[in-house]
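One file, upload.cif, carrying mmCIF, C-alpha atoms:
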```
data_my_file
loop_
_atom_site.group_PDB
_atom_site.id
_atom_site.type_symbol
_atom_site.label_atom_id
_atom_site.label_comp_id
_atom_site.auth_asym_id
_atom_site.auth_seq_id
_atom_site.Cartn_x
_atom_site.Cartn_y
_atom_site.Cartn_z
ATOM 1 C CA MET A 25 -4.725 -26.385 -55.339
ATOM 2 C CA LYS A 26 -1.488 -24.456 -55.634
ATOM 3 C CA PHE A 27 -3.093 -21.520 -53.916
ATOM 4 C CA LEU A 28 -4.227 -23.709 -51.049
ATOM 5 C CA LEU A 29 -0.759 -25.131 -50.670
ATOM 6 C CA THR A 30 0.793 -21.674 -50.528
ATOM 7 C CA LEU A 31 -1.750 -20.591 -47.986
ATOM 8 C CA LEU A 32 -1.050 -23.646 -45.865
ATOM 9 C CA MET A 33 2.682 -23.091 -46.059
ATOM 10 C CA SER A 34 2.424 -19.445 -45.109
ATOM 11 C CA LEU A 35 0.223 -20.415 -42.177
ATOM 12 C CA CYS A 36 2.868 -22.870 -41.055
ATOM 13 C CA LEU A 37 5.461 -20.152 -41.313
ATOM 14 C CA CYS A 38 3.299 -17.863 -39.243
ATOM 15 C CA GLY A 39 3.169 -20.516 -36.573
ATOM 16 C CA ALA A 40 6.923 -20.884 -36.597
ATOM 17 C CA VAL A 41 7.452 -17.143 -36.240
ATOM 18 C CA LEU A 42 4.991 -16.907 -33.367
ATOM 19 C CA ALA A 43 6.573 -19.881 -31.630
ATOM 20 C CA LYS A 44 9.925 -18.198 -31.793
ATOM 21 C CA ASP A 45 8.565 -15.060 -30.145
ATOM 22 C CA ALA A 46 6.941 -16.956 -27.329
ATOM 23 C CA ALA A 47 9.997 -19.030 -26.483
ATOM 24 C CA PRO A 48 11.515 -16.933 -23.664
ATOM 25 C CA LEU A 49 8.218 -16.924 -21.784
ATOM 26 C CA ALA A 50 7.730 -20.671 -22.099
ATOM 27 C CA GLU A 51 11.256 -21.204 -20.860
ATOM 28 C CA ASP A 52 10.437 -20.218 -17.294
ATOM 29 C CA ALA A 53 6.747 -20.949 -17.328
ATOM 30 C CA VAL A 54 7.042 -22.256 -13.784
ATOM 31 C CA VAL A 55 8.558 -18.996 -12.599
ATOM 32 C CA GLU A 56 5.842 -16.985 -14.368
ATOM 33 C CA GLN A 57 3.143 -19.152 -12.860
ATOM 34 C CA ARG A 58 4.494 -18.657 -9.358
ATOM 35 C CA LEU A 59 4.965 -14.944 -10.018
ATOM 36 C CA THR A 60 1.312 -14.624 -10.997
ATOM 37 C CA ALA A 61 0.154 -16.655 -8.017
ATOM 38 C CA ILE A 62 2.134 -14.482 -5.585
ATOM 39 C CA ALA A 63 1.416 -11.204 -7.330
ATOM 40 C CA GLU A 64 -2.333 -11.804 -7.193
ATOM 41 C CA GLU A 65 -2.089 -11.828 -3.399
ATOM 42 C CA LEU A 66 -0.239 -8.520 -3.314
ATOM 43 C CA ARG A 67 -1.519 -4.989 -3.632
ATOM 44 C CA CYS A 68 -0.077 -2.533 -6.086
ATOM 45 C CA LEU A 69 0.793 0.581 -4.083
ATOM 46 C CA VAL A 70 0.296 3.021 -6.919
ATOM 47 C CA CYS A 71 -3.223 2.001 -7.883
ATOM 48 C CA GLN A 72 -4.265 0.645 -4.540
ATOM 49 C CA ASN A 73 -7.256 -1.388 -5.605
ATOM 50 C CA GLU A 74 -5.352 -3.393 -8.156
ATOM 51 C CA SER A 75 -3.228 -6.430 -7.515
ATOM 52 C CA LEU A 76 0.431 -6.483 -8.368
ATOM 53 C CA ALA A 77 -0.366 -9.083 -11.026
ATOM 54 C CA SER A 78 -2.844 -6.967 -12.955
ATOM 55 C CA SER A 79 -1.387 -3.498 -12.481
ATOM 56 C CA ARG A 80 0.355 -1.801 -15.371
ATOM 57 C CA ALA A 81 1.948 0.856 -13.191
ATOM 58 C CA GLU A 82 5.672 1.178 -13.642
ATOM 59 C CA LEU A 83 6.384 0.408 -10.017
ATOM 60 C CA ALA A 84 4.326 -2.777 -10.320
ATOM 61 C CA GLN A 85 6.468 -3.810 -13.276
ATOM 62 C CA ASP A 86 9.613 -3.161 -11.234
ATOM 63 C CA LEU A 87 8.241 -5.110 -8.297
ATOM 64 C CA ARG A 88 7.295 -8.015 -10.548
ATOM 65 C CA ARG A 89 10.872 -7.948 -11.822
ATOM 66 C CA GLU A 90 12.155 -8.126 -8.241
ATOM 67 C CA VAL A 91 9.751 -10.941 -7.366
ATOM 68 C CA ARG A 92 10.794 -12.831 -10.505
ATOM 69 C CA GLY A 93 14.424 -12.461 -9.445
ATOM 70 C CA LEU A 94 13.665 -13.723 -5.945
ATOM 71 C CA ILE A 95 11.809 -16.745 -7.306
ATOM 72 C CA LYS A 96 14.749 -17.569 -9.554
ATOM 73 C CA GLU A 97 17.014 -17.346 -6.505
ATOM 74 C CA GLY A 98 14.917 -20.135 -5.026
ATOM 75 C CA LYS A 99 13.091 -18.099 -2.376
ATOM 76 C CA THR A 100 9.850 -19.500 -0.991
ATOM 77 C CA ASP A 101 6.527 -17.683 -1.405
ATOM 78 C CA ALA A 102 6.642 -16.611 2.244
ATOM 79 C CA GLU A 103 10.138 -15.179 1.818
ATOM 80 C CA VAL A 104 9.058 -13.233 -1.246
ATOM 81 C CA LYS A 105 6.098 -11.771 0.640
ATOM 82 C CA ASP A 106 8.351 -10.906 3.590
ATOM 83 C CA PHE A 107 10.637 -9.039 1.194
ATOM 84 C CA LEU A 108 7.771 -6.780 0.187
ATOM 85 C CA VAL A 109 6.175 -6.480 3.628
ATOM 86 C CA SER A 110 9.485 -5.410 5.172
ATOM 87 C CA ARG A 111 9.645 -2.549 2.667
ATOM 88 C CA TYR A 112 6.053 -1.549 2.095
ATOM 89 C CA GLY A 113 4.289 -2.794 5.222
ATOM 90 C CA ASP A 114 1.341 -5.117 5.785
ATOM 91 C CA PHE A 115 -0.692 -2.955 3.421
ATOM 92 C CA VAL A 116 0.710 -4.859 0.430
ATOM 93 C CA LEU A 117 -0.964 -8.058 1.597
ATOM 94 C CA TYR A 118 -4.533 -8.469 0.387
ATOM 95 C CA ARG A 119 -5.068 -11.255 2.909
ATOM 96 C CA PRO A 120 -4.467 -9.757 6.341
ATOM 97 C CA GLN A 121 -2.240 -11.790 8.644
ATOM 98 C CA VAL A 122 -3.569 -13.273 11.862
ATOM 99 C CA LYS A 123 -1.615 -11.362 14.484
ATOM 100 C CA PRO A 124 -2.474 -9.380 17.634
ATOM 101 C CA MET A 125 -2.991 -6.122 15.739
ATOM 102 C CA ASN A 126 -5.494 -7.813 13.445
ATOM 103 C CA TYR A 127 -7.397 -9.877 16.009
ATOM 104 C CA LEU A 128 -10.279 -7.411 16.014
ATOM 105 C CA LEU A 129 -10.415 -7.533 12.217
ATOM 106 C CA TRP A 130 -10.619 -11.323 12.159
ATOM 107 C CA GLY A 131 -12.760 -11.701 15.281
ATOM 108 C CA GLY A 132 -15.036 -8.683 14.690
ATOM 109 C CA PRO A 133 -17.589 -10.485 12.501
ATOM 110 C CA PHE A 134 -17.899 -13.312 15.035
ATOM 111 C CA ILE A 135 -18.282 -10.862 17.891
ATOM 112 C CA LEU A 136 -21.100 -9.170 15.961
ATOM 113 C CA LEU A 137 -22.667 -12.537 15.143
ATOM 114 C CA PHE A 138 -22.709 -13.653 18.768
ATOM 115 C CA ALA A 139 -23.937 -10.254 19.936
ATOM 116 C CA GLY A 140 -26.793 -10.541 17.430
ATOM 117 C CA LEU A 141 -27.655 -14.086 18.520
ATOM 118 C CA PHE A 142 -27.597 -13.045 22.153
ATOM 119 C CA ALA A 143 -29.873 -10.061 21.482
ATOM 120 C CA LEU A 144 -32.271 -12.234 19.458
ATOM 121 C CA MET A 145 -32.485 -14.888 22.170
ATOM 122 C CA ARG A 146 -33.086 -12.317 24.866
ATOM 123 C CA HIS A 147 -35.777 -10.678 22.760
ATOM 124 C CA LEU A 148 -37.551 -13.974 22.064
ATOM 125 C CA ARG A 149 -37.462 -15.027 25.702
ATOM 126 C CA ARG A 150 -38.871 -11.710 26.796
ATOM 127 C CA ARG A 151 -41.647 -11.811 24.239
ATOM 128 C CA SER A 152 -42.764 -15.274 25.238
ATOM 129 C CA GLN A 153 -42.938 -14.125 28.834
ATOM 130 C CA ALA A 154 -44.825 -10.965 27.898
ATOM 131 C CA VAL A 155 -47.778 -12.787 26.268
ATOM 132 C CA PRO A 156 -50.077 -13.946 29.088
ATOM 133 C CA GLU A 157 -51.822 -17.276 28.721
ATOM 134 C CA LEU A 158 -55.592 -16.752 28.726
ATOM 135 C CA PRO A 159 -57.677 -19.908 28.920
ATOM 136 C CA LEU A 160 -61.011 -19.806 27.061
ATOM 137 C CA THR A 161 -64.130 -19.459 29.035
ATOM 138 C CA ALA A 162 -66.830 -22.134 28.623
ATOM 139 C CA GLU A 163 -68.911 -19.806 26.458
ATOM 140 C CA GLU A 164 -66.012 -18.928 24.134
ATOM 141 C CA LYS A 165 -65.226 -22.610 23.753
ATOM 142 C CA LYS A 166 -68.784 -23.346 22.660
ATOM 143 C CA ARG A 167 -68.690 -20.537 20.100
ATOM 144 C CA ALA A 168 -65.388 -21.710 18.725
ATOM 145 C CA GLU A 169 -66.703 -25.261 18.336
ATOM 146 C CA ALA A 170 -69.839 -23.980 16.627
ATOM 147 C CA LEU A 171 -67.734 -21.979 14.175
ATOM 148 C CA LEU A 172 -65.528 -24.975 13.444
ATOM 149 C CA LYS A 173 -68.598 -27.164 12.803
ATOM 150 C CA ASP A 174 -70.011 -24.533 10.482
ATOM 151 C CA THR A 175 -66.992 -24.553 8.227
ATOM 152 C CA GLN A 176 -66.992 -28.332 7.865
ATOM 153 C CA PRO A 177 -68.567 -29.518 4.617
ATOM 154 C CA MET B 16 -37.363 6.413 24.759
ATOM 155 C CA ASN B 17 -34.806 3.788 25.622
ATOM 156 C CA LYS B 18 -35.842 1.940 22.480
ATOM 157 C CA PHE B 19 -34.422 4.674 20.243
ATOM 158 C CA LEU B 20 -31.344 5.441 22.280
ATOM 159 C CA LEU B 21 -29.428 2.323 21.239
ATOM 160 C CA PRO B 22 -29.855 2.660 17.452
ATOM 161 C CA LEU B 23 -29.204 6.390 17.702
ATOM 162 C CA GLY B 24 -26.006 5.754 19.666
ATOM 163 C CA GLY B 25 -24.935 3.198 17.080
ATOM 164 C CA PHE B 26 -25.652 5.625 14.282
ATOM 165 C CA ILE B 27 -23.622 8.417 15.883
ATOM 166 C CA LEU B 28 -20.735 6.006 16.430
ATOM 167 C CA LEU B 29 -20.856 4.977 12.780
ATOM 168 C CA VAL B 30 -20.920 8.594 11.590
ATOM 169 C CA ALA B 31 -17.919 9.399 13.810
ATOM 170 C CA LEU B 32 -16.048 6.405 12.411
ATOM 171 C CA LEU B 33 -16.776 7.394 8.811
ATOM 172 C CA ALA B 34 -15.870 11.028 9.495
ATOM 173 C CA VAL B 35 -12.453 9.972 10.767
ATOM 174 C CA GLY B 36 -12.093 7.639 7.774
ATOM 175 C CA LEU B 37 -12.800 10.497 5.372
ATOM 176 C CA LYS B 38 -9.974 12.552 6.827
ATOM 177 C CA LEU B 39 -7.380 9.788 6.405
ATOM 178 C CA ASP B 40 -5.341 9.812 3.239
ATOM 179 C CA PRO B 41 -5.231 6.303 1.781
ATOM 180 C CA ARG B 42 -2.023 7.198 -0.037
ATOM 181 C CA GLU B 43 -0.179 7.642 3.222
ATOM 182 C CA VAL B 44 0.796 4.109 4.019
ATOM 183 C CA PRO B 45 2.821 3.988 7.227
ATOM 184 C CA SER B 46 6.302 2.777 6.416
ATOM 185 C CA PRO B 47 7.569 -0.233 8.347
ATOM 186 C CA LEU B 48 11.050 1.229 7.914
ATOM 187 C CA VAL B 49 10.582 4.117 10.342
ATOM 188 C CA GLY B 50 12.679 3.278 13.399
ATOM 189 C CA LYS B 51 14.753 0.774 11.463
ATOM 190 C CA PRO B 52 18.267 1.155 10.028
ATOM 191 C CA ALA B 53 18.203 2.741 6.586
ATOM 192 C CA PRO B 54 18.815 0.180 3.814
ATOM 193 C CA ASP B 55 22.361 0.285 2.524
ATOM 194 C CA PHE B 56 23.030 1.741 -0.887
ATOM 195 C CA SER B 57 25.929 2.551 -3.121
ATOM 196 C CA LEU B 58 24.945 4.626 -6.107
ATOM 197 C CA PRO B 59 26.646 6.813 -8.696
ATOM 198 C CA LEU B 60 26.151 10.549 -8.436
ATOM 199 C CA LEU B 61 23.755 12.128 -10.885
ATOM 200 C CA GLN B 62 26.308 14.740 -11.856
ATOM 201 C CA ASP B 63 29.251 12.364 -12.077
ATOM 202 C CA ALA B 64 28.733 8.689 -12.890
ATOM 203 C CA GLY B 65 32.303 7.943 -11.851
ATOM 204 C CA GLN B 66 31.702 8.906 -8.218
ATOM 205 C CA THR B 67 29.615 6.887 -5.811
ATOM 206 C CA LEU B 68 27.899 7.793 -2.587
ATOM 207 C CA THR B 69 27.094 5.167 0.015
ATOM 208 C CA LEU B 70 25.042 5.135 3.166
ATOM 209 C CA LYS B 71 28.267 4.923 5.198
ATOM 210 C CA ASP B 72 29.379 8.307 3.860
ATOM 211 C CA MET B 73 26.412 9.836 5.670
ATOM 212 C CA LEU B 74 26.907 8.158 9.053
ATOM 213 C CA GLY B 75 27.410 10.600 11.901
ATOM 214 C CA LYS B 76 25.142 13.186 10.317
ATOM 215 C CA VAL B 77 21.474 13.940 10.555
ATOM 216 C CA TRP B 78 20.344 14.215 6.956
ATOM 217 C CA LEU B 79 17.379 14.315 4.622
ATOM 218 C CA PHE B 80 16.960 11.888 1.754
ATOM 219 C CA ASN B 81 14.548 13.236 -0.824
ATOM 220 C CA VAL B 82 13.219 11.058 -3.638
ATOM 221 C CA TRP B 83 12.629 13.064 -6.790
ATOM 222 C CA ALA B 84 12.375 12.726 -10.557
ATOM 223 C CA SER B 85 12.053 15.064 -13.486
ATOM 224 C CA TRP B 86 8.803 13.362 -14.536
ATOM 225 C CA CYS B 87 7.175 14.048 -11.173
ATOM 226 C CA PRO B 88 4.947 17.141 -11.077
ATOM 227 C CA SER B 89 4.587 17.121 -7.276
ATOM 228 C CA CYS B 90 8.372 17.307 -7.016
ATOM 229 C CA ARG B 91 8.227 20.694 -8.673
ATOM 230 C CA GLU B 92 5.668 21.764 -6.138
ATOM 231 C CA GLU B 93 7.976 21.038 -3.200
ATOM 232 C CA HIS B 94 11.143 22.161 -4.951
ATOM 233 C CA PRO B 95 11.001 25.849 -3.869
ATOM 234 C CA VAL B 96 10.557 24.735 -0.249
ATOM 235 C CA LEU B 97 13.664 22.574 -0.470
ATOM 236 C CA ILE B 98 15.632 25.375 -2.139
ATOM 237 C CA GLU B 99 14.606 27.780 0.629
ATOM 238 C CA TYR B 100 15.520 25.230 3.295
ATOM 239 C CA ALA B 101 18.948 24.510 1.782
ATOM 240 C CA LYS B 102 19.745 28.240 2.070
ATOM 241 C CA THR B 103 18.962 28.490 5.789
ATOM 242 C CA PRO B 104 21.978 28.473 8.106
ATOM 243 C CA GLY B 105 22.410 25.196 9.942
ATOM 244 C CA ALA B 106 20.409 23.228 7.378
ATOM 245 C CA VAL B 107 21.174 19.507 7.463
ATOM 246 C CA PRO B 108 22.581 17.864 4.312
ATOM 247 C CA LEU B 109 19.915 17.230 1.727
ATOM 248 C CA ILE B 110 20.664 14.265 -0.513
ATOM 249 C CA GLY B 111 18.509 13.612 -3.558
ATOM 250 C CA LEU B 112 17.572 10.211 -4.873
ATOM 251 C CA ASN B 113 16.953 10.727 -8.561
ATOM 252 C CA TRP B 114 14.509 7.873 -8.987
ATOM 253 C CA LYS B 115 13.746 6.055 -12.233
ATOM 254 C CA ASP B 116 14.768 9.037 -14.286
ATOM 255 C CA LYS B 117 16.919 9.665 -17.316
ATOM 256 C CA ARG B 118 20.235 11.177 -16.339
ATOM 257 C CA GLU B 119 20.049 14.040 -18.834
ATOM 258 C CA ASP B 120 16.460 14.809 -17.826
ATOM 259 C CA GLY B 121 17.432 14.949 -14.165
ATOM 260 C CA LEU B 122 20.372 17.226 -14.853
ATOM 261 C CA ARG B 123 18.278 19.515 -17.032
ATOM 262 C CA TRP B 124 15.626 19.695 -14.310
ATOM 263 C CA LEU B 125 18.193 20.785 -11.717
ATOM 264 C CA ALA B 126 19.688 23.315 -14.112
ATOM 265 C CA ARG B 127 16.275 24.783 -14.757
ATOM 266 C CA PHE B 128 14.740 24.871 -11.285
ATOM 267 C CA GLY B 129 17.846 25.077 -9.108
ATOM 268 C CA ASN B 130 19.704 22.476 -7.094
ATOM 269 C CA PRO B 131 19.014 22.324 -3.352
ATOM 270 C CA TYR B 132 20.862 19.026 -2.974
ATOM 271 C CA GLN B 133 24.316 18.572 -1.553
ATOM 272 C CA ALA B 134 24.405 15.604 -3.898
ATOM 273 C CA SER B 135 21.938 13.556 -5.876
ATOM 274 C CA VAL B 136 22.431 9.844 -6.369
ATOM 275 C CA TYR B 137 21.148 8.214 -9.507
ATOM 276 C CA ASP B 138 18.846 5.198 -9.174
ATOM 277 C CA ALA B 139 17.958 4.366 -12.770
ATOM 278 C CA ASP B 140 16.239 1.023 -12.263
ATOM 279 C CA GLY B 141 14.599 1.948 -8.962
ATOM 280 C CA ARG B 142 16.197 -0.861 -6.939
ATOM 281 C CA VAL B 143 17.314 1.383 -4.070
ATOM 282 C CA GLY B 144 13.876 2.967 -4.205
ATOM 283 C CA ILE B 145 12.298 -0.447 -3.669
ATOM 284 C CA ASN B 146 14.615 -1.115 -0.712
ATOM 285 C CA TYR B 147 13.437 2.141 0.820
ATOM 286 C CA GLY B 148 9.805 1.296 0.170
ATOM 287 C CA VAL B 149 9.360 4.161 -2.268
ATOM 288 C CA TYR B 150 6.141 3.922 -4.234
ATOM 289 C CA GLY B 151 5.816 7.379 -5.624
ATOM 290 C CA ALA B 152 7.919 10.500 -5.733
ATOM 291 C CA PRO B 153 8.236 12.734 -3.841
ATOM 292 C CA GLU B 154 9.073 10.974 -0.625
ATOM 293 C CA THR B 155 11.387 12.298 2.046
ATOM 294 C CA TYR B 156 13.264 10.415 4.741
ATOM 295 C CA LEU B 157 14.901 11.848 7.824
ATOM 296 C CA ILE B 158 17.872 9.718 8.859
ATOM 297 C CA ASP B 159 19.749 10.131 12.134
ATOM 298 C CA LYS B 160 23.441 10.002 12.992
ATOM 299 C CA ALA B 161 23.341 6.231 13.505
ATOM 300 C CA GLY B 162 21.753 5.698 10.096
ATOM 301 C CA VAL B 163 18.268 4.969 11.449
ATOM 302 C CA ILE B 164 15.220 6.245 9.566
ATOM 303 C CA ARG B 165 13.352 8.484 11.997
ATOM 304 C CA TYR B 166 10.610 9.917 9.829
ATOM 305 C CA LYS B 167 9.138 9.567 6.389
ATOM 306 C CA LYS B 168 7.001 12.026 4.497
ATOM 307 C CA ILE B 169 5.033 10.640 1.590
ATOM 308 C CA GLY B 170 4.102 13.356 -0.828
ATOM 309 C CA VAL B 171 4.929 17.019 -1.030
ATOM 310 C CA VAL B 172 7.021 18.644 1.699
ATOM 311 C CA THR B 173 5.153 21.908 2.084
ATOM 312 C CA ALA B 174 6.459 24.827 4.103
ATOM 313 C CA GLU B 175 4.021 23.774 6.820
ATOM 314 C CA VAL B 176 5.194 20.159 6.892
ATOM 315 C CA LEU B 177 8.802 21.345 7.032
ATOM 316 C CA GLU B 178 8.105 23.809 9.844
ATOM 317 C CA LYS B 179 5.812 21.666 11.972
ATOM 318 C CA GLU B 180 7.034 18.125 11.410
ATOM 319 C CA ILE B 181 10.535 17.963 9.989
ATOM 320 C CA LEU B 182 12.386 20.860 11.647
ATOM 321 C CA PRO B 183 11.410 19.945 15.239
ATOM 322 C CA LYS B 184 12.580 16.383 14.587
ATOM 323 C CA ILE B 185 15.863 17.622 13.112
ATOM 324 C CA ARG B 186 16.449 19.818 16.179
ATOM 325 C CA GLU B 187 15.714 16.885 18.458
ATOM 326 C CA LEU B 188 18.038 14.526 16.587
ATOM 327 C CA SER B 189 20.851 17.045 16.229
ATOM 328 C CA LEU B 190 21.328 17.437 19.992
#
```

Output the file's structure as structure tokens, nothing else.
Amino acid sequence: MKFLLTLLMSLCLCGAVLAKDAAPLAEDAVVEQRLTAIAEELRCLVCQNESLASSRAELAQDLRREVRGLIKEGKTDAEVKDFLVSRYGDFVLYRPQVKPMNYLLWGGPFILLFAGLFALMRHLRRRSQAVPELPLTAEEKKRAEALLKDTQP
Amino acid sequence: MNKFLLPLGGFILLVALLAVGLKLDPREVPSPLVGKPAPDFSLPLLQDAGQTLTLKDMLGKVWLFNVWASWCPSCREEHPVLIEYAKTPGAVPLIGLNWKDKREDGLRWLARFGNPYQASVYDADGRVGINYGVYGAPETYLIDKAGVIRYKKIGVVTAEVLEKEILPKIRELSL
């Protein structure tokens, strides 16, 4: 019994110690949440296939620090992204913007889709024209009917 | 015959596209800052924390701003080229940005390999680096008399890059 009590108490203590460590993070949980949301949309420039949120590169840590500061200053998500784009270029955005330079990027798949549909339609129309309609002769008709009768039970 | 021409043409186009793609270096991200005024800075000198250098001090000159750090192996690769350049008559001022480094490490590095810089400013937390869009040393900026960034080299400044890309631009801007 005494042992159990001690164990319980030490567990409680553990909890208290952990809670104390976690405090500073919980304090600006909102900031951290927004930081993560923004950073997931941004590319880390050092390891280019990782997002700013998941990268452990030193520059990514610095940039997260800057973004955190901007959020605390009350900047909107768009303003934070502009801050980084103005320094590092559109490359930092994982989601490309819709602007004249990117029209081909956004429209390309649709252009290909419509080109494919057009080619398919043209092909089908041509094929249906290419097959000539041949009516059965009287003799062939008789044979066909005889065959059909044969198969009936 | 015509039947095969279209797919073949498409295939050749694709190969050409991929061949060009292979030659591009994904690490060379074009900087949006080229053609724009250089971001302002006011930083202590590496050699003397009591003295500061600002962007305004460099106005009226064509100058090179070279991002370096003692922890950066590629910086050592370009270092001899910079040292050689600094010795040539008529060389433009070369200012170093000692980026995210420890002061004593930076100083030791210069003592060991030589100092081509007219001055090096010390950017411990990398804030000025971020304003300049630095994402990896070495990077080199060419800034004109009006304080506008005219060119940026990401990566090592080799003798070839200096000769073929940077020097002609310096001559053009110095007129």

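Nearest residue to Lys168 in chain B, choosing from B:Asn81, B:Ser89, B:Ser57, B:Thr103 and counting all atoms listed in the file: B:Asn81.
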
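Residues captured in this structure file are Leu79, Phe80, Asn81, Val82, Pro153, Glu154, Tyr156, Leu157, Lys167, Lys168, Ile169, Gly170 and Val172 of chain B, according to the PyMOL selection byres ((chain B and resi 155) around 8).
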
Expand the PyMOL selection byres ((chain A) within 7 of (chain B)) into the explicit residue set it covers here, and present it as a tab-separated table (two decimals) with C-alpha atoms, in the frame of the given file.
```
chain	number	residue	atom	x	y	z
A	69	LEU	CA	0.79	0.58	-4.08
A	70	VAL	CA	0.30	3.02	-6.92
A	83	LEU	CA	6.38	0.41	-10.02
A	110	SER	CA	9.48	-5.41	5.17
A	111	ARG	CA	9.64	-2.55	2.67
A	112	TYR	CA	6.05	-1.55	2.10
A	113	GLY	CA	4.29	-2.79	5.22
```

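CA of Cys87 in chain B is found 6.5 Å from CA of Ala152 in chain B.
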
Would you compute an axis-aligned box for range 76-80 of chain B, covering every atom listed for it in the file with 5 Å of margin on each side, and report centre and edge lengths in Å to one decimal as AutoDock Vina command-line options?
```
--center_x 21.1 --center_y 13.1 --center_z 6.2 --size_x 18.2 --size_y 12.4 --size_z 18.8
```

Practice task
List the residues matched by the PyMOL selection byres ((chain B and resi 136) around 7) in the displayed structure as a PyMOL selection string, ordered by chain and then by residue number.
Solution key: chain B and resi 58-61+68+111-113+134-135+137-138

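Pairwise distance (CA of Gly105 in chain B, CA of Ser85 in chain B) equals 27.5 Å.
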
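Neighbours of Ala174 in chain B closer than or equal to 9 Å, with all atoms listed in the file counted and sequence neighbours fewer than 4 positions away skipped, come out as Glu93, Val96, Leu97, Glu178 and Lys179 of chain B.
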
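Note that CA of Ala139 in chain B and CA of Asp116 in chain B are 5.9 Å apart.
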
Which residues come within 10 Å of range 52-68 of chain A, counting all atoms listed in the file, excluding same-chain residues fewer than 5 positions away, as a PDB file with C-alpha atoms, in the frame of the given file?
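Ended up saving to around11.pdb:
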```pdb
ATOM      1  CA  ALA A  47       9.997 -19.030 -26.483  1.00  0.00           C
ATOM      2  CA  ASN A  73      -7.256  -1.388  -5.605  1.00  0.00           C
ATOM      3  CA  GLU A  74      -5.352  -3.393  -8.156  1.00  0.00           C
ATOM      4  CA  SER A  75      -3.228  -6.430  -7.515  1.00  0.00           C
ATOM      5  CA  LEU A  76       0.431  -6.483  -8.368  1.00  0.00           C
ATOM      6  CA  ALA A  77      -0.366  -9.083 -11.026  1.00  0.00           C
ATOM      7  CA  SER A  78      -2.844  -6.967 -12.955  1.00  0.00           C
ATOM      8  CA  SER A  79      -1.387  -3.498 -12.481  1.00  0.00           C
ATOM      9  CA  ARG A  80       0.355  -1.801 -15.371  1.00  0.00           C
ATOM     10  CA  ALA A  81       1.948   0.856 -13.191  1.00  0.00           C
ATOM     11  CA  LEU A  83       6.384   0.408 -10.017  1.00  0.00           C
ATOM     12  CA  ALA A  84       4.326  -2.777 -10.320  1.00  0.00           C
ATOM     13  CA  GLN A  85       6.468  -3.810 -13.276  1.00  0.00           C
ATOM     14  CA  LEU A  87       8.241  -5.110  -8.297  1.00  0.00           C
ATOM     15  CA  ARG A  88       7.295  -8.015 -10.548  1.00  0.00           C
ATOM     16  CA  ARG A  89      10.872  -7.948 -11.822  1.00  0.00           C
ATOM     17  CA  VAL A  91       9.751 -10.941  -7.366  1.00  0.00           C
ATOM     18  CA  ARG A  92      10.794 -12.831 -10.505  1.00  0.00           C
ATOM     19  CA  GLY A  93      14.424 -12.461  -9.445  1.00  0.00           C
ATOM     20  CA  LEU A  94      13.665 -13.723  -5.945  1.00  0.00           C
ATOM     21  CA  ILE A  95      11.809 -16.745  -7.306  1.00  0.00           C
ATOM     22  CA  LYS A  96      14.749 -17.569  -9.554  1.00  0.00           C
ATOM     23  CA  GLY A  98      14.917 -20.135  -5.026  1.00  0.00           C
ATOM     24  CA  THR A 100       9.850 -19.500  -0.991  1.00  0.00           C
ATOM     25  CA  ASP A 101       6.527 -17.683  -1.405  1.00  0.00           C
ATOM     26  CA  ALA A 102       6.642 -16.611   2.244  1.00  0.00           C
ATOM     27  CA  VAL A 104       9.058 -13.233  -1.246  1.00  0.00           C
ATOM     28  CA  LYS A 105       6.098 -11.771   0.640  1.00  0.00           C
ATOM     29  CA  LEU A 108       7.771  -6.780   0.187  1.00  0.00           C
ATOM     30  CA  VAL A 109       6.175  -6.480   3.628  1.00  0.00           C
ATOM     31  CA  ASP A 114       1.341  -5.117   5.785  1.00  0.00           C
ATOM     32  CA  PHE A 115      -0.692  -2.955   3.421  1.00  0.00           C
ATOM     33  CA  VAL A 116       0.710  -4.859   0.430  1.00  0.00           C
ATOM     34  CA  LEU A 117      -0.964  -8.058   1.597  1.00  0.00           C
ATOM     35  CA  TYR A 118      -4.533  -8.469   0.387  1.00  0.00           C
ATOM     36  CA  ARG A 119      -5.068 -11.255   2.909  1.00  0.00           C
TER      37      ARG A 119
ATOM     38  CA  TYR B 150       6.141   3.922  -4.234  1.00  0.00           C
TER      39      TYR B 150
END
```

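Omitting Val163 in chain B and its sequence neighbours fewer than 3 positions away, and counting all atoms listed in the file, the residues within 6 Å are Lys51, Pro52, Ala53, Ile158 and Asp159 of chain B.
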
Please write the residues from the selection above to a file, keeping C-alpha atoms, as a PDB file, in the coordinates of the input.
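The new file result-v3.pdb reads:
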```
ATOM      1  CA  LYS B  51      14.753   0.774  11.463  1.00  0.00           C
ATOM      2  CA  PRO B  52      18.267   1.155  10.028  1.00  0.00           C
ATOM      3  CA  ALA B  53      18.203   2.741   6.586  1.00  0.00           C
ATOM      4  CA  ILE B 158      17.872   9.718   8.859  1.00  0.00           C
ATOM      5  CA  ASP B 159      19.749  10.131  12.134  1.00  0.00           C
TER       6      ASP B 159
END
```
